[in-house]
Each structure stands twice: as C-alpha cells, then as structure tokens.
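Here's the structure, in structure tokens; my notes come after.
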Amino acid sequence: MFKKVPVLNFMTLTKIVRLLWSGYDVQNTMAEYFLEGDQTLEKWSSIEESLKLKIGKCFILPNELKIVLLSLVNPIGGRIKKIIQHMYRKDYLPSHFMSILSWTLLGTIDVKKTAEAVIKDDYLPITKRYEIACTYCLKDEILMLWRELPETNKEEYFNARGSDCLRLYIPIYWAYYMTVELNRLDRKIQEEYNAQLPSHFFGILCAGHITVNQPAVEYFLGKSSVEKREEYLECFFQSVTFRVVTDIYLCDLIYFLLAQLNENQRKSIFEKYAYRILNNFLEFPYGGIFLEIESLVQKYLTVDQVKDLEGRYKEMCRYFVFSTFDKNLRKLL
C-alpha cells in the first residue's frame, strides 16, 4: 500500500532508546518488576522515568535531540512490557531477555521472530512453549512440540469450554489441526456459540478482536476463502469504531490489513471509518504517514474531526518513522 522508507535518523534514535532499555541496571529493575509481583503502573512509570533522567543528564546531546529520545522511551518500553508479560511466566525470566527480542526497522518488536527465539528456551515449561508456538502460528515448531506435550494437556485443549475456549482458541485450533479433526472443531463452534463459522474464520475473529495478534490473523486469512476474507476485513474495520480499549498492537494490525485491500476496498473502508483509523495512526510508530493519509481522506471527515486529529498530531509529531516516496500514493483514493 505505502512504500516504507525508514528515516535513518529515526532508526538511529530508536536504537539508542532500545540500548538504554537494555542497560544492565534497567534490565535488573525490569526483572524485579516482572518477578516480584509488584506490577503497578507507578512502578513501571518509575522505570521509564529513570531512563528519561539518563537522557536529560547527558550534556553532550542537543536539547532538540533529547526531546525526541524522551518521546520514544514510553512507546518502546510499552512494547517491551507487553511482550514480556505474554511470553514469560511470573516465576521465570531469563537474565538475557532483552537480547532475545527481535526488532524491526520501524523500532517495533517482531513478535513472530521473538517467539521463535523464546520457545528454544528449555527452562520454559513445554506447555508454555507449545502455547507460544500456537499463538503465533509457528507451524514447524508446533509439530515438534506437540510430540512432547503430555496427553493430559492435550485433553485439556479438547475439553475447553466457555471463556477458556475463547482465551485459548488458537492453541485449541492447533490441537484439532494436529489430530486432523478440524471438522470436529467446526461442530464445537456451532454448538458452543450457535454460529455457522468455520474454524479458520473463528480464528481470525479471536486473533483480531480478542488478542490483536497479527501473525495469527495473517495465517487464518491465508486459510480463508476470498468471500470470508472480505467479510472479515469489513467486520474488523467496523469494530475499530467501537473499541473502547486500544491495544498497543492495534495500529500494526490496522496497517497490515489496509495493505491487504485493493484500491476500491480501501476507498470504501476510509469512507466509513477514516476517523477511527487515523486515530490509531497517531500511535508510535506511524506518525510519519498520518498527514499523507489524512490529506487523502479528509473529504470523509467532519470539520471537528479534522480539528481534533490535527491538534493531537501536533502533540506527537516527533514520532516520524518514514517518508513516503511513492508517486502513485494519491491514486489510492
């Protein structure tokens, strides 16, 4: 959809902040935060503030550069916090956990590559490693770990009901996949939720609406028919309008799904949901394309919406990520 060309300055600055988060003292403080159970907002904020203090005390940095670095501490730290909380148990965190994280050029965490590294850790229980592999649809690893998974755990997936079925749906899906019984899962979905939904489509709904899991959405989309893909994409963008709580990965998923649409589909989606989509592009790391998209879809926005979005943009305009050099950009709409 958009040709992404990361700005060298931005790439350098995000790397500096990532290195600050990887400092020995900061890693120790984070380990205490995750392992000692005191996971309050105040405790995490104190870790962020300690990094900002380091930046502020660096006399050789010009103030303008300090401002940009300071603005990157919270969004990068928020992604580190999110993935550690999901990948690891409260009673275990490897001492080198920051080196396990895999980063993209945009300064975000590549969750799929990170998951591939995490499940190689033999200190993690096999049940947790299997669940991580399933969550991010690492097919080859799932095939290997399934053989090691105790029969009692396998049965738990087959017997899951109610809220557990939703929370663990992707590992449940893979359990039925491994036993070549996805038709049974289709019937279970119909019985549990009174819905005629194939297991692949139900997987997209869980991955996109409950866990905001881009690798899983990508996998299930690839398994779905053209009709079901179009049905889901409309459903997803409609849901963005009604989300009260925004997940830190939602902007990534929105960007990915917009790239799956053709020109006419994007025009239709922006016509109905432009304001909510743009709201999400005010998040790190997509500020660099906000104005270009906003100028293209402004005809679908009210005067008040434009004023609100541009006011919020000015507050975070230092989150520039990349320049768009695609001359055909304006032909998208």
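Chains: A, B, ... in order of the structure tokens. Residues: from 1 per chain. Ligands: from 1, in order shown.
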**Request:** Excluding segment 110-115 of chain A and any residue of its chain fewer than 2 positions from it, enumerate the residues within 9 Å of it, using only C-alpha atoms, and give them as an NGL selection string.
**Result:** :A and (83 or 87 or 100-104 or 108 or 117-120 or 129 or 132-133 or 136-138 or 214-215)
Could you write those residues out with N, CA and C atoms, as a PDB file, in the first residue's frame?
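Now in selection-v6.pdb:
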```pdb
ATOM      1  N   ILE A  83       5.224  -7.651  25.517  1.00  0.00           N
ATOM      2  CA  ILE A  83       5.659  -8.963  25.023  1.00  0.00           C
ATOM      3  C   ILE A  83       6.237  -9.823  26.154  1.00  0.00           C
ATOM      4  N   MET A  87       4.960 -13.548  26.991  1.00  0.00           N
ATOM      5  CA  MET A  87       5.844 -14.674  26.696  1.00  0.00           C
ATOM      6  C   MET A  87       6.276 -15.456  27.939  1.00  0.00           C
ATOM      7  N   ILE A 100      16.902 -11.386  23.502  1.00  0.00           N
ATOM      8  CA  ILE A 100      16.035 -12.328  22.789  1.00  0.00           C
ATOM      9  C   ILE A 100      15.068 -11.595  21.860  1.00  0.00           C
ATOM     10  N   LEU A 101      14.750 -10.360  22.203  1.00  0.00           N
ATOM     11  CA  LEU A 101      13.782  -9.592  21.418  1.00  0.00           C
ATOM     12  C   LEU A 101      14.325  -9.295  20.023  1.00  0.00           C
ATOM     13  N   SER A 102      13.496  -9.483  19.020  1.00  0.00           N
ATOM     14  CA  SER A 102      13.865  -9.179  17.634  1.00  0.00           C
ATOM     15  C   SER A 102      13.140  -7.906  17.215  1.00  0.00           C
ATOM     16  N   TRP A 103      13.890  -6.974  16.617  1.00  0.00           N
ATOM     17  CA  TRP A 103      13.343  -5.656  16.309  1.00  0.00           C
ATOM     18  C   TRP A 103      13.211  -5.435  14.801  1.00  0.00           C
ATOM     19  N   THR A 104      12.222  -4.634  14.418  1.00  0.00           N
ATOM     20  CA  THR A 104      12.039  -4.252  13.019  1.00  0.00           C
ATOM     21  C   THR A 104      12.729  -2.909  12.775  1.00  0.00           C
ATOM     22  N   THR A 108       9.860  -1.365  16.210  1.00  0.00           N
ATOM     23  CA  THR A 108       8.884  -2.199  16.901  1.00  0.00           C
ATOM     24  C   THR A 108       9.434  -3.616  17.029  1.00  0.00           C
ATOM     25  N   ALA A 117      12.508 -17.431  19.002  1.00  0.00           N
ATOM     26  CA  ALA A 117      13.670 -17.484  19.896  1.00  0.00           C
ATOM     27  C   ALA A 117      13.276 -17.938  21.298  1.00  0.00           C
ATOM     28  N   VAL A 118      12.149 -17.433  21.797  1.00  0.00           N
ATOM     29  CA  VAL A 118      11.714 -17.746  23.160  1.00  0.00           C
ATOM     30  C   VAL A 118      11.454 -19.235  23.344  1.00  0.00           C
ATOM     31  N   ILE A 119      10.808 -19.878  22.370  1.00  0.00           N
ATOM     32  CA  ILE A 119      10.433 -21.290  22.556  1.00  0.00           C
ATOM     33  C   ILE A 119      11.627 -22.250  22.486  1.00  0.00           C
ATOM     34  N   LYS A 120      12.801 -21.723  22.200  1.00  0.00           N
ATOM     35  CA  LYS A 120      14.013 -22.550  22.247  1.00  0.00           C
ATOM     36  C   LYS A 120      14.557 -22.685  23.661  1.00  0.00           C
ATOM     37  N   ARG A 129       5.786 -23.296  26.056  1.00  0.00           N
ATOM     38  CA  ARG A 129       6.434 -23.206  24.739  1.00  0.00           C
ATOM     39  C   ARG A 129       5.452 -23.588  23.637  1.00  0.00           C
ATOM     40  N   ILE A 132       2.954 -20.692  23.134  1.00  0.00           N
ATOM     41  CA  ILE A 132       3.543 -19.565  22.394  1.00  0.00           C
ATOM     42  C   ILE A 132       3.641 -19.898  20.909  1.00  0.00           C
ATOM     43  N   ALA A 133       4.115 -21.109  20.601  1.00  0.00           N
ATOM     44  CA  ALA A 133       4.233 -21.524  19.195  1.00  0.00           C
ATOM     45  C   ALA A 133       2.874 -21.486  18.506  1.00  0.00           C
ATOM     46  N   TYR A 136       1.438 -17.782  17.810  1.00  0.00           N
ATOM     47  CA  TYR A 136       1.999 -17.073  16.669  1.00  0.00           C
ATOM     48  C   TYR A 136       2.092 -17.952  15.418  1.00  0.00           C
ATOM     49  N   CYS A 137       1.367 -19.090  15.466  1.00  0.00           N
ATOM     50  CA  CYS A 137       1.208 -19.960  14.292  1.00  0.00           C
ATOM     51  C   CYS A 137       2.555 -20.380  13.690  1.00  0.00           C
ATOM     52  N   LEU A 138       3.449 -20.848  14.556  1.00  0.00           N
ATOM     53  CA  LEU A 138       4.759 -21.349  14.116  1.00  0.00           C
ATOM     54  C   LEU A 138       4.603 -22.832  13.814  1.00  0.00           C
ATOM     55  N   GLN A 214      -1.262 -10.174  15.045  1.00  0.00           N
ATOM     56  CA  GLN A 214      -1.092 -10.074  13.588  1.00  0.00           C
ATOM     57  C   GLN A 214      -0.609 -11.367  12.934  1.00  0.00           C
ATOM     58  N   PRO A 215       0.400 -12.078  13.464  1.00  0.00           N
ATOM     59  CA  PRO A 215       0.822 -13.326  12.805  1.00  0.00           C
ATOM     60  C   PRO A 215      -0.317 -14.333  12.664  1.00  0.00           C
TER      61      PRO A 215
END
```
**Prompt:** Within 12 Å of segment 146-149 of chain A, counting only C-alpha atoms, which residues qualify if same-chain residues fewer than 4 places away don't, as a PyMOL selection string?
**Reply:** chain A and resi 125-131+133-134+138-142+153-157+171-172+174-179
Those selected residues, please, written with N, CA and C atoms and delivered as a PDB file, in the first residue's frame.
```pdb
ATOM      1  N   PRO A 125       8.460 -24.239  30.585  1.00  0.00           N
ATOM      2  CA  PRO A 125       7.716 -25.498  30.532  1.00  0.00           C
ATOM      3  C   PRO A 125       7.252 -25.791  29.100  1.00  0.00           C
ATOM      4  N   ILE A 126       7.172 -27.062  28.762  1.00  0.00           N
ATOM      5  CA  ILE A 126       6.753 -27.454  27.429  1.00  0.00           C
ATOM      6  C   ILE A 126       5.367 -26.914  27.099  1.00  0.00           C
ATOM      7  N   THR A 127       4.494 -26.835  28.113  1.00  0.00           N
ATOM      8  CA  THR A 127       3.137 -26.322  27.887  1.00  0.00           C
ATOM      9  C   THR A 127       3.162 -24.861  27.457  1.00  0.00           C
ATOM     10  N   LYS A 128       4.047 -24.078  28.081  1.00  0.00           N
ATOM     11  CA  LYS A 128       4.156 -22.661  27.723  1.00  0.00           C
ATOM     12  C   LYS A 128       4.779 -22.500  26.344  1.00  0.00           C
ATOM     13  N   ARG A 129       5.786 -23.296  26.056  1.00  0.00           N
ATOM     14  CA  ARG A 129       6.434 -23.206  24.739  1.00  0.00           C
ATOM     15  C   ARG A 129       5.452 -23.588  23.637  1.00  0.00           C
ATOM     16  N   TYR A 130       4.662 -24.618  23.884  1.00  0.00           N
ATOM     17  CA  TYR A 130       3.659 -25.031  22.894  1.00  0.00           C
ATOM     18  C   TYR A 130       2.614 -23.923  22.688  1.00  0.00           C
ATOM     19  N   GLU A 131       2.186 -23.323  23.780  1.00  0.00           N
ATOM     20  CA  GLU A 131       1.172 -22.272  23.684  1.00  0.00           C
ATOM     21  C   GLU A 131       1.689 -21.067  22.905  1.00  0.00           C
ATOM     22  N   ALA A 133       4.115 -21.109  20.601  1.00  0.00           N
ATOM     23  CA  ALA A 133       4.233 -21.524  19.195  1.00  0.00           C
ATOM     24  C   ALA A 133       2.874 -21.486  18.506  1.00  0.00           C
ATOM     25  N   CYS A 134       1.845 -21.941  19.207  1.00  0.00           N
ATOM     26  CA  CYS A 134       0.491 -21.924  18.641  1.00  0.00           C
ATOM     27  C   CYS A 134      -0.012 -20.498  18.454  1.00  0.00           C
ATOM     28  N   LEU A 138       3.449 -20.848  14.556  1.00  0.00           N
ATOM     29  CA  LEU A 138       4.759 -21.349  14.116  1.00  0.00           C
ATOM     30  C   LEU A 138       4.603 -22.832  13.814  1.00  0.00           C
ATOM     31  N   LYS A 139       4.161 -23.147  12.628  1.00  0.00           N
ATOM     32  CA  LYS A 139       3.732 -24.497  12.285  1.00  0.00           C
ATOM     33  C   LYS A 139       4.801 -25.560  12.525  1.00  0.00           C
ATOM     34  N   ASP A 140       6.008 -25.337  12.056  1.00  0.00           N
ATOM     35  CA  ASP A 140       7.067 -26.340  12.201  1.00  0.00           C
ATOM     36  C   ASP A 140       7.363 -26.618  13.673  1.00  0.00           C
ATOM     37  N   GLU A 141       7.407 -25.560  14.473  1.00  0.00           N
ATOM     38  CA  GLU A 141       7.676 -25.717  15.899  1.00  0.00           C
ATOM     39  C   GLU A 141       6.517 -26.413  16.606  1.00  0.00           C
ATOM     40  N   ILE A 142       5.284 -26.125  16.170  1.00  0.00           N
ATOM     41  CA  ILE A 142       4.107 -26.775  16.760  1.00  0.00           C
ATOM     42  C   ILE A 142       4.179 -28.282  16.539  1.00  0.00           C
ATOM     43  N   ASN A 153      -2.421 -32.567  28.950  1.00  0.00           N
ATOM     44  CA  ASN A 153      -2.521 -31.197  28.424  1.00  0.00           C
ATOM     45  C   ASN A 153      -3.248 -31.162  27.087  1.00  0.00           C
ATOM     46  N   LYS A 154      -3.006 -32.179  26.273  1.00  0.00           N
ATOM     47  CA  LYS A 154      -3.717 -32.264  25.001  1.00  0.00           C
ATOM     48  C   LYS A 154      -5.223 -32.370  25.247  1.00  0.00           C
ATOM     49  N   GLU A 155      -5.588 -33.174  26.226  1.00  0.00           N
ATOM     50  CA  GLU A 155      -7.003 -33.360  26.537  1.00  0.00           C
ATOM     51  C   GLU A 155      -7.646 -32.081  27.048  1.00  0.00           C
ATOM     52  N   GLU A 156      -6.868 -31.274  27.760  1.00  0.00           N
ATOM     53  CA  GLU A 156      -7.407 -30.004  28.261  1.00  0.00           C
ATOM     54  C   GLU A 156      -7.843 -29.096  27.113  1.00  0.00           C
ATOM     55  N   TYR A 157      -7.091 -29.102  26.036  1.00  0.00           N
ATOM     56  CA  TYR A 157      -7.477 -28.292  24.879  1.00  0.00           C
ATOM     57  C   TYR A 157      -8.759 -28.823  24.249  1.00  0.00           C
ATOM     58  N   PRO A 171      -4.361 -22.167  20.439  1.00  0.00           N
ATOM     59  CA  PRO A 171      -3.798 -23.485  20.781  1.00  0.00           C
ATOM     60  C   PRO A 171      -4.814 -24.618  20.603  1.00  0.00           C
ATOM     61  N   ILE A 172      -6.085 -24.340  20.890  1.00  0.00           N
ATOM     62  CA  ILE A 172      -7.138 -25.351  20.691  1.00  0.00           C
ATOM     63  C   ILE A 172      -7.252 -25.705  19.207  1.00  0.00           C
ATOM     64  N   TRP A 174      -4.967 -25.558  16.967  1.00  0.00           N
ATOM     65  CA  TRP A 174      -3.822 -26.367  16.544  1.00  0.00           C
ATOM     66  C   TRP A 174      -3.892 -27.795  17.085  1.00  0.00           C
ATOM     67  N   ALA A 175      -4.516 -27.988  18.241  1.00  0.00           N
ATOM     68  CA  ALA A 175      -4.699 -29.346  18.767  1.00  0.00           C
ATOM     69  C   ALA A 175      -5.585 -30.162  17.816  1.00  0.00           C
ATOM     70  N   TYR A 176      -6.661 -29.544  17.337  1.00  0.00           N
ATOM     71  CA  TYR A 176      -7.535 -30.227  16.374  1.00  0.00           C
ATOM     72  C   TYR A 176      -6.835 -30.388  15.026  1.00  0.00           C
ATOM     73  N   TYR A 177      -6.023 -29.402  14.671  1.00  0.00           N
ATOM     74  CA  TYR A 177      -5.258 -29.495  13.427  1.00  0.00           C
ATOM     75  C   TYR A 177      -4.304 -30.686  13.479  1.00  0.00           C
ATOM     76  N   MET A 178      -3.630 -30.869  14.599  1.00  0.00           N
ATOM     77  CA  MET A 178      -2.648 -31.937  14.733  1.00  0.00           C
ATOM     78  C   MET A 178      -3.293 -33.317  14.673  1.00  0.00           C
ATOM     79  N   THR A 179      -4.549 -33.405  15.084  1.00  0.00           N
ATOM     80  CA  THR A 179      -5.244 -34.702  15.056  1.00  0.00           C
ATOM     81  C   THR A 179      -6.141 -34.839  13.831  1.00  0.00           C
TER      82      THR A 179
END
```
**Request:** Considering only C-alpha atoms, return as a PyMOL selection string whatever protein or nucleic-acid residues lie within 9 Å of Leu250 of chain A, sequence-local ones (same chain, fewer than 3 positions apart) excluded.
**Result:** chain A and resi 208+212-214+240+246-247+253-255+280
**Complete:** Nearest to Tyr275 of chain A, restricted to only C-alpha atoms and choosing among A:Ile80, A:Ile16, A:Val306, A:Val217, comes out as A:Val306
**Exercise: segment 301-304 of chain A partners within 9 Å, only C-alpha atoms, chain neighbours under 4 positions left out, as number ranges by chain** = A: 271, 274-275, 294, 297, 308-309
